[in-house]
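Enquirer: Dropping a structure here in structure tokens format, bear with me for questions.
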Amino acid sequence: MKVPFLDFHSPYLELKADLDAAYLRVMESGHYILGGEVDAFESEFATYCETKYCIGVGNGLEALHLILRAMEIGVGDEVIVPANTYIASWLAISQVGANIVPVEPDEKTYNIDPLFIESAITNRTKAIMAVHLYGQPADMDAINEIAARHNLKVIEDAAQAHGARYKNRRVGSLGDAAGFSFYPTKNLGAIGDAGAVTTNDDELADKIRLLRNYGSRVKYENEIQGYNSRLDELQAAFLRVKLAKLDDWNARRTGVAMHYLQTLSKNPNLTLPFVPEWAEPVWHLFVVRHPNRYNLEQHLQQNDISTLIHYPVPPHLSNAYSKKHGNLRAFPISELLSKEILSLPVGSHISKQQIDVVTKAILEHM
């Protein structure tokens, strides 16, 4: 039995009638940019995230970029960011001209380690960007406490954590602002690129609305130099349908993860995900570690099981940064993780039979 890493077809079949109806509703409306569907999704997602505001934008990278711009972070400023993250977290900082200050992760959770943050703060530091990697929230109380003492902004990169909770609070409501991606692979995925910002800050929300739409509230009246980064009506309509299923689908992912955690502990060479007692992850990814990742990957491939690596190259070793920023020091924890991690299939529509195929193959690979 083949086990794909991603399954887009089954979610569509489950929601086909509602997704098709959403498509027809938008097409028949004749209104495709910043209309009623975007307004409705913004309201519904803000409520879901327990925030005052949601502002729909073009994608997750632009969500982070616009947050930084709205905070007036730019050239000469520094932003603390995890060394262990997808490169988009870094790119947003580079795009506003600020300096990236990477901090190593906690080796157990893979998220930024608050113990390393304080020593990275200088008089140029303006913000801490916390990434909720793989769908598990970072330790936000510790991060916010450090930020408060140093008068820093806190930005959540929540691109992989739709619906996750930290101490019973929703991700997206835990800092000054949060950036979400609705890339199709996400737990809440559009049928294309899409993103959003959530915040409780009135002024910040207003400025991001300006920035996403050419710096304009009224057509041809441009108050600031803005961008074209708008969530479109069709994607908003699709996201509204999927938002109604998000908690159910996240619960299914959690069930898969719990089965993996219980079953795969029998393989002594495998390091399983660690979940702190205060975290309620949504298992965007189920990431294990193995000292001989390549052999395990090949073994699973021979058994028709697809896996991926998130991520094989830490940002500081990528061509985008290693050549331009040769002064970046080594990050041994991040580099070790990149050599050992492997993501197993954990989608909301994986079958019990497919899960058994995965666990059987891994337990055979002692």
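Every chain in the structure tokens has a letter given in the order shown (A, B, ...), and although residue numbers restart at 1 in each chain, ligands are simply numbered from 1 in the order shown.
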Determine, counting only C-alpha atoms, which protein, DNA and RNA residues have an atom within 8 Å of an atom of A:Ile191; residues of the same chain fewer than 4 positions away are not included. Present the result as a list in words.

Expert: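 Surrounding residues, per the criterion: Tyr183, Pro184, Gln235 and Phe238 of chain A.
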
Enquirer: Can you spit out the residues from that selection as a compact mmCIF listing (two decimals), in the first residue's frame, using N, CA and C atoms?

Expert:
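To be explicit, this is the file written out as again.txt:
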```txt
# COMPACT_ATOMS: atom_id res chain seq x y z
N TYR A 183 -0.90 28.53 2.61
CA TYR A 183 -0.39 27.71 1.51
C TYR A 183 -1.12 26.37 1.53
N PRO A 184 -1.36 25.74 0.37
CA PRO A 184 -2.23 24.57 0.34
C PRO A 184 -1.86 23.43 1.28
N GLN A 235 -10.16 32.78 -2.67
CA GLN A 235 -9.44 32.07 -1.60
C GLN A 235 -10.12 32.27 -0.25
N PHE A 238 -13.03 29.87 -0.04
CA PHE A 238 -12.57 28.50 0.23
C PHE A 238 -12.12 28.35 1.68
```

Enquirer: Can you tell me, as a PyMOL selection string, what residues are no more than 7 Å from A:Pro105 when counting only C-alpha atoms, ignoring any on the same chain fewer than 2 positions away?

Expert: chain A and resi 82-84+103+107+110-113+334

Enquirer: From the set A:Ala330, A:Ala138, A:Leu24, A:Ala361, which residue has the shortest atom-to-atom contact distance to A:Ile305, counting only C-alpha atoms?

Expert: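 Smallest separation from A:Ile305 among the options: A:Ala361.
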
Enquirer: Quick one: pick out all strand (DSSP E or B) residues within stretch 54-295 of chain A from a backbone DSSP run and write them as number ranges by chain.

Expert: A: 54-57, 78-82, 99-103, 105, 112, 125-131, 153-157, 165-166, 169-170, 177-181, 195-199, 213, 216-218, 221-222, 228, 232, 271, 279-280, 286-289

Enquirer: Can you list, as a PyMOL selection string, every protein, DNA or RNA residue that comes within 10 Å of A:Leu336 when you count only C-alpha atoms, leaving out same-chain residues fewer than 6 positions away?

Expert: chain A and resi 107+289+291+314

Enquirer: What is the distance between atom CA of A:His162 and atom CA of A:Tyr134, in Å to one decimal?

Expert: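 Those two atoms sit 10.5 Å apart.
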
Enquirer: Pick from A:Glu62, A:Asp248, A:Asp356, A:Asp201: nearest to A:Leu188, with only C-alpha atoms counted?

Expert: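 Closest to A:Leu188 of all the choices is A:Asp248.
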
Enquirer: Could you tell me which of A:Ala164, A:Leu66, A:Leu15, A:Leu285 comes closest to A:Ala177 if we count only C-alpha atoms?

Expert: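 Selected residue with least distance to A:Ala177: A:Leu66.
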
Enquirer: Using DSSP assignments from the backbone, pull out every residue in stretch 175-242 of chain A that falls under alpha helix (DSSP H) and give it to me as a VMD selection string.

Expert: chain A and resid 202 to 212 233 to 242

Enquirer: Which residues are close to A:Ser348, i.e. within 12 Å by only C-alpha atoms, leaving aside same-chain residues fewer than 3 positions away? Reply as an NGL selection string.

Expert: :A and (5-12 or 14 or 185-188 or 245-257 or 282-285 or 345 or 351-352 or 355)
